[in-house]
Amino acid sequence: MTESEKAYYEKRAPEYDDWYLGLGRFSDRIRPGWEEELADLRSVLRAFPARSILDVACGSGFLTRDLYGRVVALDQSAAMLKVARERLASAAFVQGDAFRLPFPDGSFDCLLSGHFYGHLAEEDRGRFLAEARRVAAQTLIVDAALRDEVQPEEWQERVLNDGSRHTVYKRYFTPEQLLAELGGGRILHAGRWFVAVLAMLKA
């Protein structure tokens, strides 16, 4: 993730949940089945059995709130963590680098990453997965599903409420493709809007 993309997420933090909730600039988007599928995805997370979870790139904590057990939420953005802290009382929060996780080997049962992996350039994916493998026995990736109206790989212009424009790298996945990149595992959710896969990343 580039420095400009990091700055974009810092600036977007107060309005990030508009994307999930269909508010603001997302209020006029036609997304058939979005709310129902988002509810299904959150149910998958609530039912996920893990005693300890590290949520990397937790953002506003929108999905973090559905996790049980000992939850640690990490993000590079102070603004995102401020929103997440206001939402969640029970999690621990760390401002840090997803490529240099500040935890000992084997610290967690699972590492979750929601809508982060799909923003990583090719040279960064292996670095991130190596860190995931180091700190957790399994990794749960939630990301955007490949649909007819999008390309598997895009550079997108995104406009914030203040009118500023930002360019963001974005990928979309079939669950099978995502599992293949991660080295195999289980599909937990396969929908029109979201995919969620569980990978065993131990070397």
# chains A, B, ... in the order shown; residues from 1 in each chain; ligands from 1
call {"tool": "residues_around", "arguments": {"residues": "Lys170 of chain A", "least_positions_apart": "3", "cutoff": "8 Å", "atoms": "only C-alpha atoms", "output": "list in words"}}
result
Gly118, His119, Leu120, Glu153, Glu154, Trp155 and Gln156 of chain A
call {"tool": "residues_around", "arguments": {"residues": "His166 of chain A", "least_positions_apart": "4", "cutoff": "12 Å", "atoms": "only C-alpha atoms", "output": "count of residues only"}}
result
19
call {"tool": "closest_residue", "arguments": {"among": "A:Phe62, A:Trp193, A:Phe116, A:Tyr68", "to": "Pro32 of chain A", "atoms": "only C-alpha atoms"}}
result
A:Trp193
call {"tool": "closest_residue", "arguments": {"among": "A:Arg147, A:Arg171, A:Arg25, A:Arg51", "to": "Val71 of chain A", "atoms": "only C-alpha atoms"}}
result
A:Arg51
call {"tool": "closest_residue", "arguments": {"among": "A:Pro14, A:Thr64, A:Val135, A:Leu23", "to": "Ser77 of chain A", "atoms": "only C-alpha atoms"}}
result
A:Pro14
call {"tool": "residues_around", "arguments": {"residues": "segment 173-179 of chain A", "least_positions_apart": "4", "cutoff": "10 Å", "atoms": "only C-alpha atoms", "output": "ChimeraX atom specification"}}
result
/A:117-118,141-147,151-153,183-199
call {"tool": "select_by_dssp", "arguments": {"residues": "segment 126-170 of chain A", "states": "alpha helix (DSSP H)", "output": "ChimeraX atom specification"}}
result
/A:126-135
call {"tool": "atom_distance", "arguments": {"atom1": "atom CA of Leu74 of chain A", "atom2": "atom CA of Val56 of chain A"}}
result
5.0 Å
call {"tool": "closest_residue", "arguments": {"among": "A:Gly22, A:Gly61, A:Gly96, A:Gly33", "to": "Gly114 of chain A", "atoms": "only C-alpha atoms"}}
result
A:Gly61
call {"tool": "closest_residue", "arguments": {"among": "A:Ala180, A:Ala98, A:Ala78, A:Ala136", "to": "Ile53 of chain A", "atoms": "only C-alpha atoms"}}
result
A:Ala136
call {"tool": "residues_around", "arguments": {"residues": "Gly106 of chain A", "least_positions_apart": "5", "cutoff": "12 Å", "atoms": "only C-alpha atoms", "output": "mmCIF file with N, CA and C atoms, in the first residue's frame"}}
result
data_model
loop_
_atom_site.group_PDB
_atom_site.id
_atom_site.type_symbol
_atom_site.label_atom_id
_atom_site.label_comp_id
_atom_site.auth_asym_id
_atom_site.auth_seq_id
_atom_site.Cartn_x
_atom_site.Cartn_y
_atom_site.Cartn_z
ATOM 1 N N SER A 52 -8.304 -16.566 20.284
ATOM 2 C CA SER A 52 -7.607 -15.294 20.120
ATOM 3 C C SER A 52 -7.517 -14.960 18.644
ATOM 4 N N ILE A 53 -7.831 -13.705 18.305
ATOM 5 C CA ILE A 53 -7.831 -13.260 16.911
ATOM 6 C C ILE A 53 -7.128 -11.915 16.812
ATOM 7 N N LEU A 54 -6.256 -11.797 15.829
ATOM 8 C CA LEU A 54 -5.652 -10.525 15.473
ATOM 9 C C LEU A 54 -6.328 -10.028 14.202
ATOM 10 N N LEU A 101 4.427 -7.097 12.044
ATOM 11 C CA LEU A 101 3.489 -7.209 13.160
ATOM 12 C C LEU A 101 4.247 -7.267 14.487
ATOM 13 N N LEU A 111 -5.561 -15.013 12.384
ATOM 14 C CA LEU A 111 -5.418 -13.638 11.922
ATOM 15 C C LEU A 111 -6.539 -13.373 10.929
ATOM 16 N N GLU A 131 4.060 -12.800 7.443
ATOM 17 C CA GLU A 131 3.798 -12.311 8.787
ATOM 18 C C GLU A 131 2.570 -12.992 9.391
ATOM 19 N N ALA A 132 1.545 -13.189 8.585
ATOM 20 C CA ALA A 132 0.362 -13.904 9.067
ATOM 21 C C ALA A 132 0.723 -15.315 9.516
ATOM 22 N N ARG A 133 1.541 -15.977 8.715
ATOM 23 C CA ARG A 133 1.982 -17.333 9.034
ATOM 24 C C ARG A 133 2.804 -17.358 10.332
ATOM 25 N N ARG A 134 3.559 -16.316 10.535
ATOM 26 C CA ARG A 134 4.414 -16.265 11.720
ATOM 27 C C ARG A 134 3.630 -16.117 13.013
ATOM 28 N N VAL A 135 2.582 -15.286 13.006
ATOM 29 C CA VAL A 135 1.916 -14.963 14.270
ATOM 30 C C VAL A 135 0.664 -15.785 14.539
ATOM 31 N N ALA A 136 0.137 -16.494 13.527
ATOM 32 C CA ALA A 136 -1.129 -17.223 13.720
ATOM 33 C C ALA A 136 -1.128 -18.537 12.949
ATOM 34 N N ALA A 137 -1.884 -19.494 13.470
ATOM 35 C CA ALA A 137 -1.958 -20.807 12.851
ATOM 36 C C ALA A 137 -2.850 -20.825 11.618
ATOM 37 N N GLN A 138 -3.769 -19.890 11.535
ATOM 38 C CA GLN A 138 -4.668 -19.832 10.385
ATOM 39 C C GLN A 138 -5.015 -18.376 10.089
ATOM 40 N N LEU A 201 -1.918 -21.393 7.261
ATOM 41 C CA LEU A 201 -0.722 -20.793 6.690
ATOM 42 C C LEU A 201 0.568 -21.235 7.373
ATOM 43 N N LYS A 202 0.509 -22.264 8.209
ATOM 44 C CA LYS A 202 1.735 -22.736 8.820
ATOM 45 C C LYS A 202 2.670 -23.294 7.757
#
call {"tool": "select_by_dssp", "arguments": {"residues": "segment 33-135 of chain A", "states": "strand (DSSP E or B)", "output": "MDAnalysis selection string"}}
result
chainID A and resid 52:56 70:75 92:95 108:114
call {"tool": "residues_around", "arguments": {"residues": "Arg85 of chain A", "least_positions_apart": "5", "cutoff": "12 Å", "atoms": "only C-alpha atoms", "output": "ChimeraX atom specification"}}
result
/A:58-62,64-65,72-75,78-80,90-95
call {"tool": "closest_residue", "arguments": {"among": "A:Phe108, A:Phe26, A:Leu38, A:Leu21", "to": "Thr139 of chain A", "atoms": "only C-alpha atoms"}}
result
A:Phe108
call {"tool": "atom_distance", "arguments": {"atom1": "atom CA of Glu149 of chain A", "atom2": "atom CA of Glu15 of chain A"}}
result
24.5 Å
call {"tool": "decode", "arguments": {"residues": "segment 113-186 of chain A", "atoms": "C-alpha atoms", "output": "short mmCIF file (atom, residue, chain, number, x, y, z; two decimals), in the first residue's frame"}}
result
data_model
loop_
_atom_site.label_atom_id
_atom_site.label_comp_id
_atom_site.auth_asym_id
_atom_site.auth_seq_id
_atom_site.Cartn_x
_atom_site.Cartn_y
_atom_site.Cartn_z
CA SER A 113 -7.96 -9.35 7.49
CA GLY A 114 -11.02 -7.71 5.96
CA HIS A 115 -10.75 -5.79 2.68
CA PHE A 116 -6.99 -5.36 2.98
CA TYR A 117 -5.44 -8.21 1.00
CA GLY A 118 -7.20 -7.02 -2.17
CA HIS A 119 -5.36 -3.69 -1.98
CA LEU A 120 -1.89 -5.24 -1.86
CA ALA A 121 0.49 -5.09 -4.81
CA GLU A 122 1.99 -8.40 -5.88
CA GLU A 123 5.30 -7.78 -4.14
CA ASP A 124 3.53 -7.07 -0.83
CA ARG A 125 1.26 -10.11 -0.72
CA GLY A 126 3.99 -12.58 0.16
CA ARG A 127 5.35 -10.28 2.87
CA PHE A 128 1.93 -9.99 4.47
CA LEU A 129 1.21 -13.72 4.32
CA ALA A 130 4.62 -14.50 5.80
CA GLU A 131 3.80 -12.31 8.79
CA ALA A 132 0.36 -13.90 9.07
CA ARG A 133 1.98 -17.33 9.03
CA ARG A 134 4.41 -16.26 11.72
CA VAL A 135 1.92 -14.96 14.27
CA ALA A 136 -1.13 -17.22 13.72
CA ALA A 137 -1.96 -20.81 12.85
CA GLN A 138 -4.67 -19.83 10.38
CA THR A 139 -5.75 -16.79 8.45
CA LEU A 140 -9.27 -15.65 7.58
CA ILE A 141 -9.44 -13.32 4.59
CA VAL A 142 -12.59 -11.34 3.81
CA ASP A 143 -12.59 -9.40 0.56
CA ALA A 144 -14.62 -8.27 -2.44
CA ALA A 145 -16.18 -10.81 -4.79
CA LEU A 146 -15.47 -10.75 -8.51
CA ARG A 147 -18.60 -9.67 -10.40
CA ASP A 148 -19.47 -9.05 -14.05
CA GLU A 149 -19.33 -5.26 -13.67
CA VAL A 150 -15.78 -5.11 -12.29
CA GLN A 151 -12.36 -6.22 -13.47
CA PRO A 152 -10.21 -8.62 -11.43
CA GLU A 153 -7.67 -5.81 -11.01
CA GLU A 154 -8.39 -2.07 -11.14
CA TRP A 155 -7.03 1.35 -10.31
CA GLN A 156 -10.03 3.22 -8.95
CA GLU A 157 -10.66 6.92 -8.41
CA ARG A 158 -12.46 7.43 -5.11
CA VAL A 159 -14.08 10.68 -4.04
CA LEU A 160 -14.52 11.62 -0.39
CA ASN A 161 -17.22 13.81 1.12
CA ASP A 162 -14.92 16.84 0.98
CA GLY A 163 -14.57 16.39 -2.79
CA SER A 164 -10.97 15.19 -2.69
CA ARG A 165 -10.04 12.50 -5.20
CA HIS A 166 -7.78 9.53 -4.52
CA THR A 167 -6.46 6.67 -6.64
CA VAL A 168 -6.61 3.22 -5.02
CA TYR A 169 -5.44 -0.19 -6.25
CA LYS A 170 -8.17 -2.84 -5.90
CA ARG A 171 -8.62 -6.53 -6.71
CA TYR A 172 -11.74 -8.71 -6.80
CA PHE A 173 -11.75 -12.48 -6.18
CA THR A 174 -13.55 -15.71 -6.74
CA PRO A 175 -13.25 -17.79 -3.57
CA GLU A 176 -11.37 -20.47 -5.49
CA GLN A 177 -8.81 -17.94 -6.76
CA LEU A 178 -8.28 -16.52 -3.29
CA LEU A 179 -7.79 -19.98 -1.79
CA ALA A 180 -5.30 -20.86 -4.51
CA GLU A 181 -3.24 -17.75 -3.70
CA LEU A 182 -3.28 -18.62 -0.01
CA GLY A 183 -2.29 -22.23 -0.58
CA GLY A 184 -5.62 -23.92 0.13
CA GLY A 185 -8.14 -24.06 2.92
CA ARG A 186 -11.91 -23.67 3.28
#
